[in-house]
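Trainee: I'd like to ask you about the structure that follows.
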Amino acid sequence: MTSDQPIRWGIIGPGTIARTFADGVAHSRTGKLVAIATRNPSKPGLAENFPGARIVNGYEALLSDPEVDAVYISVPHTGHAEWAIKAARAGKHILVEKPIALSAYDAEAVYYEAKKASVFAGEAFMYRVHPQTEKLIELIKSGVIGTIRIIRSSFGFNMGSYKPEHRLFANDTAGGGILDVGGYPVSMARLIAGAAEGKAFLEPEKVSGVAHLGESGVDEWASAVLKFPNEIIAEVSCSIMAQQDNVLRIIGSEGRIEVADFWFASGHKGGVGKIEVFKGGKQETIEVKEERWLYSFEADAAGDAIRAGRTEFSSPGMSWADSIANLRVLDQWRASVGLEYGVEKAARRTSNIWGGAVTRGNSIPQRQIPGISKPASVVTLGFEFFPNFAAASLTLDAFYEAGGNAFDTAFVYGAGKTEAIFGDWHTSRKVPREEIVLIGKGAHSPLCYPDMIAKQLDQSLARLKTDYVDIYFMHRDNTDVPVGEFVDAMDAEVKRGRIRGIFGGSNWTRARFDEAIAYAERTGKAAPAALSNNFSLAEMLDPIWAGCVAASDDDWKTWLNQKQIPNFAWSSQGRGFFTDRAGRDKKDDEEIVRVWYSERNFGRRDRAIELANKLGRNPIHIALAHVIAQPFPVIPLIGPRTIAELEDSLSALDIKLTPDQVKWLEG
């Protein structure tokens with residue numbers, strides 16, 4: 001795109017904010033509004049409100065329009081991520097009205113799609129690209145009020161009364177103040193805290209919020225306190241049922257700065273913005289005069305990035321990392337007050353993030369696991385770290401849509417949350433149970449006793465919304481209890497039909513496993529036939545957690561090869577050892593140093609790096625390929641936290657290492 005070619009904008013969702021943005025485009029130097037997409041083309045006033053723009057019937061039609069370069073998305077919050085992803089996949093640059101998505105997890109999915117499509121994507125905080133904001137940052141960096149101590153900021157107004165028909169009060173459209181306007185004071189506080197450190201932004205180390213939830217369950221007024229690593233404290237608030245003064249106050253060791261309605265800058269149609277500086281008993285007013293329209297700065301900031309081939313705003317505009325981090329704070333604020341929208345729960349969130357049905361793909365290879373009647377994906381998905389169903393469903397959907405069907409859960413993960421999320425996921429998506437290879441685990445220390453197996457499995461199956469697991473592991477071993485008692489307890493569950501495949505031990509020793517097999521053979525019981533120990537190219541030197549057992553050394557490999565016992569290997573990629581987080585000169589991460597640092601492991605890491613360079617891949621891909629290429633069945637457990645991490649791990653599945661390469665990597 002040439003530097004003088006106008007950006008041809010289309011708008012999805014012709015509401016009030018869309019008209020405001022259209023005004024900005026009309027007064028910009030880079031853009032031109034060419035089309036408006038609506039689901040109601042006969043709606044009165046469209047032509048008058050968007051002069052010169054074609055009225056397009058339907059959002060999809062606009063995305064397929066070759067005369068549209070960039071799309072501004074201003075549908076209700078719940079449609080932001082869906083239409084942003086659809087626009088990116090259509091090759092359109094995207095500017096999304098804030099919030100770009102309902103959560104940081106959703107936002108990461110949006111930006112990942114933009115990255116794959118090589119298109120611009122931005123969250124529309126218009127104040128961030130206004131000269132008044134740049135001036136404010138300049139003042140902070142100059143130290144005019146000394147060391148920044150406290151930031152107070154609000155964005156609040158009063159709707160007067162509860163209006164159930166209005167989007168701000170609608171739970172179905174993620175209404176309330178936090179998502180609608182709370183992002184402004186949070187983003188400003190993070191910007192200022194970062195400027196004080198010479199950075200584009202800073203993430204708080206602690207967020208604590210309170211709120212009043214109204215009749216529809218959305219926040220009508222709310223406040224939060226943010227504590228930053230540089231000791232700055234920010235007090236932020238928002239409201240839709242309380243008129244606030246909306247003054248930004250920055251308090252330093254030698255004075256303070258005040259800005260009224262900072263997000264409005266010098267006004268919608270231009271004017272004079274005022275920054276008040278109070279110091280030493282004196283007041284100075286710094287005026288920022290701008291004749292340009294407020295939203296024209298946003299249109300031009302996006303336009304300049306698109307023309308230059310950049311995919312995100314330049315600072316102080318909201319970069320991708322800044323935008324995700326801002327939503328992460330809003331996520332914590334909402335979690336503090338117990339605000340989860342109905343559309344984030346399984347009953348309502350039945351499609352994937354871009355609004356499609358969740359169907360199984362076939363890009364992940366399958367393998368037959370001894371003792372399991374149905375084929376399983378060569379990797380198994382673990383997902384114990386997600387805060388709620390909405391976040392976890394992104395990765396679960398993507399894994400299943402790629403062809404993954406093996407899932408790892410456990411009684412203790414998240415105090416049962418992981419099991420409940422999986423139960424909600426497979427039932428809400430109507431995934432056929434017979435397609436799933438489901439792992440359950442129980443009897444973790446300190447409750448590692450035979451009688452706990454049935455009791456915990458009762459609860460696990462209820463949460464998982466199924467009447468059986470395909471694979472069951474005792475999560476730990478208790479050598480004070482005769483091994484036969486554990487075999488008896490698991491054999492009983494096989495006979496009851498609640499374990500319909502194989503069972504075994506997680507973090508069990510070879511001696512204990514052999515003893516269990518021998519007992520089963522003597523007594524005619526079902527024998528343990530699966531293991532879940534650590535296995536990686538890097539050998540675990542010290543247990544990550546108490547009671548952990550690794551199966552990566554030479555003696556273990558000999559045993560696994562002889563027995564052909566399938567091992568569902570956790571931490572199969574060395575928990576960061578094969579990334580830039582590790583290195584002979586990097587000692588900051590205590591766990592990595594303690595668990596993995598040895599010259600033998602570094603030699604393996606060096607060879608993984610060498611092979612990765614030859615193949616044009618990353619060392620972590622080589623580490624995963626090494627595990628899968630073993631001459632005995634190893635099924636790695638992967639625990640990605642984002643779709644990007646998931647797809648990065650899955651990209652290693654096309655690496656086919658030869659036996660000689662495996663031996664060379666191991667040295």
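Residue numbers start at 1 in each chain; chains themselves are named A, B, ... in the order of the structure tokens; ligands are numbered from 1 in the order shown.
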Could you list, with a cut-off of 10 Å and counting only C-alpha atoms, the residues of range 364-393 of chain A near range 419-437 of chain A, each shown with its nearest atom pair and the distance in Å rounded to one decimal, rows sorted by chain and ascending number, as a Markdown table?
Mentor:
```
| residue | atom | partner | partner_atom | distance |
| --- | --- | --- | --- | --- |
| A:Ile372 | CA | A:Val437 | CA | 8.3 |
| A:Ser373 | CA | A:Val437 | CA | 9.6 |
| A:Lys374 | CA | A:Glu435 | CA | 7.5 |
| A:Pro375 | CA | A:Val437 | CA | 8.3 |
| A:Ala376 | CA | A:Val437 | CA | 6.4 |
| A:Ser377 | CA | A:Val437 | CA | 8.7 |
| A:Thr380 | CA | A:Val437 | CA | 9.0 |
| A:Phe383 | CA | A:Phe422 | CA | 9.1 |
| A:Glu384 | CA | A:Glu419 | CA | 8.9 |
| A:Phe386 | CA | A:Ile421 | CA | 9.3 |
| A:Pro387 | CA | A:Ile421 | CA | 9.8 |
| A:Asn388 | CA | A:Ile421 | CA | 7.4 |
| A:Phe389 | CA | A:Ile421 | CA | 5.5 |
| A:Ala390 | CA | A:Ile421 | CA | 9.1 |
| A:Ala391 | CA | A:Ile421 | CA | 9.9 |
| A:Ala392 | CA | A:Ile421 | CA | 7.5 |
| A:Ser393 | CA | A:Trp425 | CA | 6.7 |
```
Trainee: Based on the selection just made, write N, CA, C and O atoms of those residues as a PDB file, in the first residue's frame.
Mentor:
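Wrote out_33.pdb, looks like this:
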```
ATOM      1  N   ILE A 372      -6.370 -49.763  24.940  1.00  0.00           N
ATOM      2  CA  ILE A 372      -7.417 -48.790  24.629  1.00  0.00           C
ATOM      3  C   ILE A 372      -7.980 -49.141  23.257  1.00  0.00           C
ATOM      4  O   ILE A 372      -7.239 -49.246  22.280  1.00  0.00           O
ATOM      5  N   SER A 373      -9.283 -49.325  23.171  1.00  0.00           N
ATOM      6  CA  SER A 373      -9.895 -49.817  21.941  1.00  0.00           C
ATOM      7  C   SER A 373      -9.942 -48.779  20.834  1.00  0.00           C
ATOM      8  O   SER A 373     -10.000 -49.130  19.654  1.00  0.00           O
ATOM      9  N   LYS A 374      -9.945 -47.496  21.185  1.00  0.00           N
ATOM     10  CA  LYS A 374     -10.071 -46.455  20.157  1.00  0.00           C
ATOM     11  C   LYS A 374      -8.741 -45.728  19.984  1.00  0.00           C
ATOM     12  O   LYS A 374      -7.968 -45.581  20.937  1.00  0.00           O
ATOM     13  N   PRO A 375      -8.463 -45.272  18.778  1.00  0.00           N
ATOM     14  CA  PRO A 375      -7.215 -44.527  18.563  1.00  0.00           C
ATOM     15  C   PRO A 375      -7.198 -43.242  19.386  1.00  0.00           C
ATOM     16  O   PRO A 375      -8.238 -42.624  19.640  1.00  0.00           O
ATOM     17  N   ALA A 376      -5.999 -42.840  19.782  1.00  0.00           N
ATOM     18  CA  ALA A 376      -5.834 -41.612  20.570  1.00  0.00           C
ATOM     19  C   ALA A 376      -4.843 -40.701  19.861  1.00  0.00           C
ATOM     20  O   ALA A 376      -3.950 -41.157  19.144  1.00  0.00           O
ATOM     21  N   SER A 377      -5.006 -39.408  20.072  1.00  0.00           N
ATOM     22  CA  SER A 377      -4.053 -38.458  19.507  1.00  0.00           C
ATOM     23  C   SER A 377      -2.681 -38.694  20.119  1.00  0.00           C
ATOM     24  O   SER A 377      -2.555 -39.139  21.267  1.00  0.00           O
ATOM     25  N   THR A 380      -1.525 -35.587  24.429  1.00  0.00           N
ATOM     26  CA  THR A 380      -2.686 -35.460  25.310  1.00  0.00           C
ATOM     27  C   THR A 380      -2.714 -34.050  25.887  1.00  0.00           C
ATOM     28  O   THR A 380      -1.671 -33.512  26.269  1.00  0.00           O
ATOM     29  N   PHE A 383      -5.011 -29.210  31.052  1.00  0.00           N
ATOM     30  CA  PHE A 383      -5.493 -27.820  31.064  1.00  0.00           C
ATOM     31  C   PHE A 383      -5.875 -27.391  32.481  1.00  0.00           C
ATOM     32  O   PHE A 383      -6.944 -26.832  32.721  1.00  0.00           O
ATOM     33  N   GLU A 384      -4.979 -27.571  33.411  1.00  0.00           N
ATOM     34  CA  GLU A 384      -5.306 -27.310  34.805  1.00  0.00           C
ATOM     35  C   GLU A 384      -5.146 -25.851  35.224  1.00  0.00           C
ATOM     36  O   GLU A 384      -5.495 -25.478  36.349  1.00  0.00           O
ATOM     37  N   PHE A 386      -6.404 -22.916  33.797  1.00  0.00           N
ATOM     38  CA  PHE A 386      -7.349 -21.899  33.360  1.00  0.00           C
ATOM     39  C   PHE A 386      -8.305 -21.492  34.478  1.00  0.00           C
ATOM     40  O   PHE A 386      -8.744 -22.330  35.261  1.00  0.00           O
ATOM     41  N   PRO A 387      -8.666 -20.199  34.536  1.00  0.00           N
ATOM     42  CA  PRO A 387      -9.494 -19.719  35.649  1.00  0.00           C
ATOM     43  C   PRO A 387     -10.965 -20.066  35.527  1.00  0.00           C
ATOM     44  O   PRO A 387     -11.683 -20.104  36.524  1.00  0.00           O
ATOM     45  N   ASN A 388     -11.446 -20.310  34.296  1.00  0.00           N
ATOM     46  CA  ASN A 388     -12.877 -20.540  34.123  1.00  0.00           C
ATOM     47  C   ASN A 388     -13.128 -21.265  32.802  1.00  0.00           C
ATOM     48  O   ASN A 388     -12.211 -21.504  32.014  1.00  0.00           O
ATOM     49  N   PHE A 389     -14.397 -21.589  32.583  1.00  0.00           N
ATOM     50  CA  PHE A 389     -14.771 -22.324  31.379  1.00  0.00           C
ATOM     51  C   PHE A 389     -14.453 -21.543  30.114  1.00  0.00           C
ATOM     52  O   PHE A 389     -13.943 -22.108  29.135  1.00  0.00           O
ATOM     53  N   ALA A 390     -14.763 -20.248  30.093  1.00  0.00           N
ATOM     54  CA  ALA A 390     -14.563 -19.447  28.884  1.00  0.00           C
ATOM     55  C   ALA A 390     -13.110 -19.474  28.439  1.00  0.00           C
ATOM     56  O   ALA A 390     -12.813 -19.589  27.247  1.00  0.00           O
ATOM     57  N   ALA A 391     -12.190 -19.360  29.388  1.00  0.00           N
ATOM     58  CA  ALA A 391     -10.768 -19.362  29.047  1.00  0.00           C
ATOM     59  C   ALA A 391     -10.317 -20.742  28.564  1.00  0.00           C
ATOM     60  O   ALA A 391      -9.619 -20.877  27.553  1.00  0.00           O
ATOM     61  N   ALA A 392     -10.716 -21.778  29.280  1.00  0.00           N
ATOM     62  CA  ALA A 392     -10.279 -23.127  28.931  1.00  0.00           C
ATOM     63  C   ALA A 392     -10.875 -23.595  27.613  1.00  0.00           C
ATOM     64  O   ALA A 392     -10.229 -24.327  26.852  1.00  0.00           O
ATOM     65  N   SER A 393     -12.102 -23.180  27.320  1.00  0.00           N
ATOM     66  CA  SER A 393     -12.771 -23.674  26.120  1.00  0.00           C
ATOM     67  C   SER A 393     -12.036 -23.267  24.847  1.00  0.00           C
ATOM     68  O   SER A 393     -12.114 -23.969  23.837  1.00  0.00           O
TER      69      SER A 393
END
```
Trainee: Give me, as a list in words, all polymer residues having an atom no more than 12 Å from Gln459 in chain A, counting only C-alpha atoms and skipping those fewer than 2 positions away in the same chain.
Mentor: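 Contacts, in chain order: Ala410, Phe411, Val412, Ala415, Gly416, Lys417, Glu419, Ala420, Gly423, Gly440, Lys441, Gly442, Met452, Ile453, Ala454, Lys455, Gln456, Leu457, Leu461, Ala462, Arg463, Leu464, Lys465, Thr466, Asp467 and Tyr468 of chain A.
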Trainee: How would the residues just chosen look if you wrote them out with C-alpha atoms as a compact mmCIF listing (two decimals), in the first residue's frame?
Mentor:
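Output contents, as saved in again.txt:
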```
# COMPACT_ATOMS: atom_id res chain seq x y z
CA ALA A 410 -7.31 -35.13 37.90
CA PHE A 411 -9.33 -34.97 41.10
CA VAL A 412 -6.98 -32.42 42.68
CA ALA A 415 -9.99 -28.46 43.53
CA GLY A 416 -12.08 -30.17 40.87
CA LYS A 417 -12.39 -27.17 38.53
CA GLU A 419 -12.88 -31.89 35.79
CA ALA A 420 -15.96 -29.65 35.89
CA GLY A 423 -17.61 -32.00 31.76
CA GLY A 440 -8.71 -39.47 35.39
CA LYS A 441 -6.42 -39.41 38.40
CA GLY A 442 -7.04 -39.71 42.12
CA MET A 452 -10.04 -43.06 48.34
CA ILE A 453 -10.09 -44.38 44.77
CA ALA A 454 -13.81 -45.20 44.65
CA LYS A 455 -14.80 -42.19 46.76
CA GLN A 456 -12.94 -39.71 44.62
CA LEU A 457 -13.98 -41.38 41.38
CA LEU A 461 -17.32 -38.80 37.22
CA ALA A 462 -20.09 -36.46 38.38
CA ARG A 463 -17.95 -33.45 37.54
CA LEU A 464 -16.77 -34.95 34.26
CA LYS A 465 -20.41 -35.69 33.31
CA THR A 466 -19.63 -39.22 32.26
CA ASP A 467 -19.95 -42.67 33.80
CA TYR A 468 -16.43 -43.87 33.05
```
Trainee: Write out as a ChimeraX atom specification each polymer residue whose atoms come within 6 Å of range 347-362 of chain A, counting only C-alpha atoms; drop sequence neighbours fewer than 5 positions from it.
Mentor: /A:82,400-403,428-429
Trainee: Find the residues of range 127-209 of chain A that sit at most 9 Å from range 266-283 of chain A; for each, write down the nearest two atoms and how far apart they are in Å, to one decimal. Count only C-alpha atoms. Sort by chain, then by number going up, and give it as CSV.
Mentor:
```
residue,atom,partner,partner_atom,distance
A:His130,CA,A:Ser266,CA,8.7
A:Gln132,CA,A:Gly273,CA,6.9
A:Lys135,CA,A:Ile275,CA,8.9
A:Leu136,CA,A:Ile275,CA,7.7
A:Val144,CA,A:Lys279,CA,8.5
A:Ile145,CA,A:Lys279,CA,6.9
```
Trainee: Can I get the selected residues back with N, CA, C and O atoms, as a PDB file, in the first residue's frame?
Mentor:
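The new file part_20.pdb reads:
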```
ATOM      1  N   HIS A 130      -3.633  10.564  21.176  1.00  0.00           N
ATOM      2  CA  HIS A 130      -3.838  12.016  21.111  1.00  0.00           C
ATOM      3  C   HIS A 130      -2.603  12.738  21.661  1.00  0.00           C
ATOM      4  O   HIS A 130      -1.964  12.259  22.608  1.00  0.00           O
ATOM      5  N   GLN A 132      -2.307  15.114  23.642  1.00  0.00           N
ATOM      6  CA  GLN A 132      -2.379  15.426  25.067  1.00  0.00           C
ATOM      7  C   GLN A 132      -1.782  14.295  25.903  1.00  0.00           C
ATOM      8  O   GLN A 132      -1.110  14.544  26.911  1.00  0.00           O
ATOM      9  N   LYS A 135       1.950  14.475  25.737  1.00  0.00           N
ATOM     10  CA  LYS A 135       2.437  15.558  26.599  1.00  0.00           C
ATOM     11  C   LYS A 135       2.446  15.116  28.056  1.00  0.00           C
ATOM     12  O   LYS A 135       3.388  15.422  28.808  1.00  0.00           O
ATOM     13  N   LEU A 136       1.424  14.391  28.455  1.00  0.00           N
ATOM     14  CA  LEU A 136       1.346  13.911  29.833  1.00  0.00           C
ATOM     15  C   LEU A 136       2.496  12.952  30.129  1.00  0.00           C
ATOM     16  O   LEU A 136       3.134  13.032  31.193  1.00  0.00           O
ATOM     17  N   VAL A 144       8.587  16.276  36.775  1.00  0.00           N
ATOM     18  CA  VAL A 144       8.104  17.585  37.208  1.00  0.00           C
ATOM     19  C   VAL A 144       7.418  17.535  38.574  1.00  0.00           C
ATOM     20  O   VAL A 144       7.453  18.507  39.330  1.00  0.00           O
ATOM     21  N   ILE A 145       6.805  16.390  38.917  1.00  0.00           N
ATOM     22  CA  ILE A 145       6.183  16.277  40.243  1.00  0.00           C
ATOM     23  C   ILE A 145       6.910  15.238  41.102  1.00  0.00           C
ATOM     24  O   ILE A 145       6.371  14.703  42.068  1.00  0.00           O
TER      25      ILE A 145
END
```
Trainee: Within 9 Å of range 644-662 of chain A, which residues of range 381-426 of chain A show up? Give each one with its shortest atom-to-atom distance in Å (one decimal) and the two atoms involved, counting only C-alpha atoms, rows by chain then rising residue number, as a tab-separated table.
Mentor:
```
residue	atom	partner	partner_atom	distance
A:Thr395	CA	A:Leu646	CA	7.2
A:Ala398	CA	A:Leu646	CA	8.0
A:Phe399	CA	A:Leu646	CA	7.4
A:Ala402	CA	A:Leu650	CA	8.9
```
Trainee: Run DSSP on the backbone of this structure and report the residues of range 395-520 of chain A it assigns to strand (DSSP E or B), as a tab-separated table (two decimals) with N, CA, C and O atoms, in the first residue's frame.
Mentor:
```
chain	number	residue	atom	x	y	z
A	406	ALA	N	-7.47	-36.86	23.26
A	406	ALA	CA	-7.01	-37.38	24.55
A	406	ALA	C	-6.85	-36.22	25.53
A	406	ALA	O	-6.17	-35.23	25.23
A	407	PHE	N	-7.49	-36.35	26.70
A	407	PHE	CA	-7.54	-35.25	27.67
A	407	PHE	C	-7.14	-35.76	29.05
A	407	PHE	O	-7.56	-36.84	29.49
A	408	ASP	N	-6.35	-34.96	29.74
A	408	ASP	CA	-5.81	-35.33	31.04
A	408	ASP	C	-6.46	-34.49	32.13
A	408	ASP	O	-6.36	-33.26	32.13
A	437	VAL	N	-10.67	-40.08	24.59
A	437	VAL	CA	-9.84	-40.87	25.50
A	437	VAL	C	-9.59	-39.99	26.72
A	437	VAL	O	-8.82	-39.03	26.67
A	438	LEU	N	-10.26	-40.31	27.80
A	438	LEU	CA	-10.29	-39.45	28.99
A	438	LEU	C	-9.47	-40.07	30.11
A	438	LEU	O	-9.71	-41.22	30.50
A	439	ILE	N	-8.53	-39.29	30.62
A	439	ILE	CA	-7.69	-39.72	31.73
A	439	ILE	C	-8.22	-39.11	33.02
A	439	ILE	O	-8.47	-37.90	33.10
A	440	GLY	N	-8.38	-39.95	34.04
A	440	GLY	CA	-8.71	-39.47	35.39
A	440	GLY	C	-7.61	-39.88	36.35
A	440	GLY	O	-6.93	-40.90	36.14
A	441	LYS	N	-7.43	-39.09	37.38
A	441	LYS	CA	-6.42	-39.41	38.40
A	441	LYS	C	-6.99	-39.12	39.77
A	441	LYS	O	-7.78	-38.18	39.95
A	442	GLY	N	-6.58	-39.92	40.75
A	442	GLY	CA	-7.04	-39.71	42.12
A	442	GLY	C	-6.05	-40.25	43.12
A	442	GLY	O	-4.96	-40.71	42.76
A	469	VAL	N	-14.06	-43.45	32.92
A	469	VAL	CA	-12.84	-42.91	32.34
A	469	VAL	C	-12.19	-44.01	31.52
A	469	VAL	O	-12.43	-45.20	31.74
A	470	ASP	N	-11.41	-43.62	30.54
A	470	ASP	CA	-10.73	-44.61	29.71
A	470	ASP	C	-9.43	-45.07	30.34
A	470	ASP	O	-9.01	-46.22	30.15
A	471	ILE	N	-8.78	-44.15	31.04
A	471	ILE	CA	-7.51	-44.43	31.70
A	471	ILE	C	-7.56	-43.84	33.09
A	471	ILE	O	-8.04	-42.71	33.28
A	472	TYR	N	-7.10	-44.61	34.07
A	472	TYR	CA	-7.10	-44.10	35.45
A	472	TYR	C	-5.71	-44.29	36.06
A	472	TYR	O	-5.11	-45.37	35.93
A	473	PHE	N	-5.23	-43.21	36.69
A	473	PHE	CA	-3.95	-43.28	37.38
A	473	PHE	C	-4.14	-42.95	38.85
A	473	PHE	O	-4.84	-41.99	39.20
A	474	MET	N	-3.50	-43.75	39.70
A	474	MET	CA	-3.26	-43.27	41.05
A	474	MET	C	-2.25	-42.13	40.93
A	474	MET	O	-1.20	-42.28	40.31
A	499	ILE	N	-13.72	-47.88	34.93
A	499	ILE	CA	-12.46	-47.77	34.18
A	499	ILE	C	-12.61	-48.74	33.01
A	499	ILE	O	-12.63	-49.96	33.20
A	500	ARG	N	-12.72	-48.21	31.78
A	500	ARG	CA	-13.02	-49.06	30.63
A	500	ARG	C	-11.82	-49.18	29.69
A	500	ARG	O	-11.98	-49.38	28.49
A	501	GLY	N	-10.66	-49.03	30.25
A	501	GLY	CA	-9.46	-49.17	29.44
A	501	GLY	C	-8.36	-49.74	30.30
A	501	GLY	O	-8.36	-50.92	30.65
A	502	ILE	N	-7.41	-48.90	30.67
A	502	ILE	CA	-6.26	-49.34	31.45
A	502	ILE	C	-6.10	-48.44	32.67
A	502	ILE	O	-6.62	-47.33	32.72
A	503	PHE	N	-5.38	-48.95	33.64
A	503	PHE	CA	-5.07	-48.15	34.82
A	503	PHE	C	-3.60	-48.33	35.16
A	503	PHE	O	-2.91	-49.20	34.63
A	504	GLY	N	-3.12	-47.48	36.06
A	504	GLY	CA	-1.73	-47.57	36.47
A	504	GLY	C	-1.39	-46.53	37.50
A	504	GLY	O	-2.25	-46.08	38.26
A	505	GLY	N	-0.11	-46.13	37.49
A	505	GLY	CA	0.37	-45.21	38.51
A	505	GLY	C	1.05	-44.00	37.92
A	505	GLY	O	1.76	-44.11	36.92
A	506	SER	N	0.81	-42.88	38.51
A	506	SER	CA	1.54	-41.66	38.19
A	506	SER	C	2.56	-41.44	39.28
A	506	SER	O	2.21	-41.47	40.47
```
Trainee: So which one's closest to Thr173 in chain A, A:Val218, A:Ile55, A:Leu202, A:Ile148? Using only C-alpha atoms, please.
Mentor: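 Selected residue with least distance to Thr173 in chain A: A:Val218.
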Trainee: Give the helix (DSSP H, G or I) residues of range 520-650 of chain A, as assigned by DSSP on the backbone, as a ChimeraX atom specification.
Mentor: /A:520-523,554-563,574-576,590-596,599-615,619-628,643-650
Trainee: Would you please work out which residue, of A:Gln244, A:Asn507, A:Val259, A:Glu590, is nearest to Ala546 in chain A when using only C-alpha atoms?
Mentor: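 Closest candidate: A:Asn507.
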Trainee: Which value, in Å to one decimal, gives the distance between CA of Asn618 in chain A and CA of Arg581 in chain A?
Mentor: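 So the answer is 13.4 Å.
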Trainee: Any idea what the distance is between CA of Gln5 in chain A and CA of Asp23 in chain A?
Mentor: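 Distance reported for this atom pair: 19.3 Å.
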Trainee: What's around Ala193 in chain A at 10 Å? Count only C-alpha atoms, leave out sequence neighbours fewer than 2 positions away in its own chain, and write the answer as a ChimeraX atom specification.
Mentor: /A:140,148-151,187-191,195-204,227-234
Trainee: Fewer than 2 positions away in the same chain doesn't count, so skip those; otherwise give me all residues within 6 Å of Ala222 in chain A, counting only C-alpha atoms, as a PyMOL selection string.
Mentor: chain A and resi 210-211+237-238
Trainee: Would you put the residues from that selection into a file with N, CA, C and O atoms, as an mmCIF file, in the first residue's frame?
Mentor:
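In the end it all went to part.cif:
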```cif
data_model
loop_
_atom_site.group_PDB
_atom_site.id
_atom_site.type_symbol
_atom_site.label_atom_id
_atom_site.label_comp_id
_atom_site.auth_asym_id
_atom_site.auth_seq_id
_atom_site.Cartn_x
_atom_site.Cartn_y
_atom_site.Cartn_z
ATOM 1 N N VAL A 210 -13.826 -4.224 44.077
ATOM 2 C CA VAL A 210 -15.154 -4.342 44.689
ATOM 3 C C VAL A 210 -16.152 -3.760 43.699
ATOM 4 O O VAL A 210 -15.798 -2.987 42.809
ATOM 5 N N ALA A 211 -17.424 -4.135 43.850
ATOM 6 C CA ALA A 211 -18.432 -3.621 42.933
ATOM 7 C C ALA A 211 -19.824 -3.847 43.497
ATOM 8 O O ALA A 211 -20.043 -4.715 44.359
ATOM 9 N N SER A 237 -11.911 3.681 39.321
ATOM 10 C CA SER A 237 -13.332 3.402 39.500
ATOM 11 C C SER A 237 -14.079 3.680 38.215
ATOM 12 O O SER A 237 -13.620 4.436 37.343
ATOM 13 N N CYS A 238 -15.246 3.047 38.101
ATOM 14 C CA CYS A 238 -16.104 3.246 36.939
ATOM 15 C C CYS A 238 -17.548 3.068 37.378
ATOM 16 O O CYS A 238 -17.827 2.503 38.443
#
```
Trainee: For Ala224 in chain A, work out the shell of residues within 7 Å, counting only C-alpha atoms and skipping chain neighbours fewer than 4 positions away, then give it as a compact mmCIF listing (two decimals) with C-alpha atoms, in the first residue's frame.
Mentor:
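See result-v7.txt below for the written result:
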```txt
# COMPACT_ATOMS: atom_id res chain seq x y z
CA VAL A 207 -5.35 -6.16 41.75
CA SER A 208 -8.18 -6.02 44.26
CA GLY A 209 -11.67 -4.91 43.30
CA VAL A 210 -15.15 -4.34 44.69
CA GLU A 235 -7.16 3.75 42.65
CA VAL A 236 -9.55 3.35 39.72
CA SER A 237 -13.33 3.40 39.50
CA TRP A 333 -11.16 -6.96 38.76
```
Trainee: What lies within 12 Å of Arg522 in chain A using only C-alpha atoms, ignoring chain neighbours under 5 positions off, as a list in words?
Mentor: Gly484, Val487, Glu515, Ala516, Ile517 and Ala527 of chain A
Trainee: Go ahead and write the selection's residues with all heavy atoms as a JSON list (two decimals), in the first residue's frame.
Mentor:
```json
[["chain", "number", "residue", "atom", "x", "y", "z"],
["A", 484, "GLY", "N", -0.86, -54.59, 46.71],
["A", 484, "GLY", "CA", -2.02, -55.37, 46.32],
["A", 484, "GLY", "C", -3.33, -54.69, 46.68],
["A", 484, "GLY", "O", -4.34, -54.88, 45.98],
["A", 487, "VAL", "N", -4.11, -52.40, 43.84],
["A", 487, "VAL", "CA", -4.52, -53.16, 42.66],
["A", 487, "VAL", "C", -5.96, -53.65, 42.84],
["A", 487, "VAL", "O", -6.78, -53.57, 41.91],
["A", 487, "VAL", "CB", -3.57, -54.33, 42.39],
["A", 487, "VAL", "CG1", -4.10, -55.21, 41.25],
["A", 487, "VAL", "CG2", -2.18, -53.82, 42.07],
["A", 515, "GLU", "N", 6.00, -54.96, 41.10],
["A", 515, "GLU", "CA", 5.36, -55.67, 42.21],
["A", 515, "GLU", "C", 3.85, -55.71, 42.01],
["A", 515, "GLU", "O", 3.20, -56.74, 42.28],
["A", 515, "GLU", "CB", 5.71, -54.97, 43.53],
["A", 515, "GLU", "CG", 5.19, -55.69, 44.77],
["A", 515, "GLU", "CD", 5.49, -54.92, 46.05],
["A", 515, "GLU", "OE1", 6.23, -53.91, 45.99],
["A", 515, "GLU", "OE2", 4.97, -55.34, 47.11],
["A", 516, "ALA", "N", 3.30, -54.61, 41.52],
["A", 516, "ALA", "CA", 1.84, -54.56, 41.29],
["A", 516, "ALA", "C", 1.44, -55.52, 40.18],
["A", 516, "ALA", "O", 0.41, -56.22, 40.28],
["A", 516, "ALA", "CB", 1.43, -53.13, 40.94],
["A", 517, "ILE", "N", 2.24, -55.60, 39.11],
["A", 517, "ILE", "CA", 1.94, -56.53, 38.02],
["A", 517, "ILE", "C", 2.01, -57.97, 38.52],
["A", 517, "ILE", "O", 1.14, -58.80, 38.21],
["A", 517, "ILE", "CB", 2.91, -56.31, 36.85],
["A", 517, "ILE", "CG1", 2.68, -54.95, 36.19],
["A", 517, "ILE", "CG2", 2.76, -57.42, 35.81],
["A", 517, "ILE", "CD1", 3.70, -54.59, 35.12],
["A", 527, "ALA", "N", -4.23, -56.10, 35.70],
["A", 527, "ALA", "CA", -2.89, -55.60, 36.04],
["A", 527, "ALA", "C", -2.73, -54.15, 35.60],
["A", 527, "ALA", "O", -3.30, -53.73, 34.59],
["A", 527, "ALA", "CB", -1.82, -56.45, 35.38]]
```
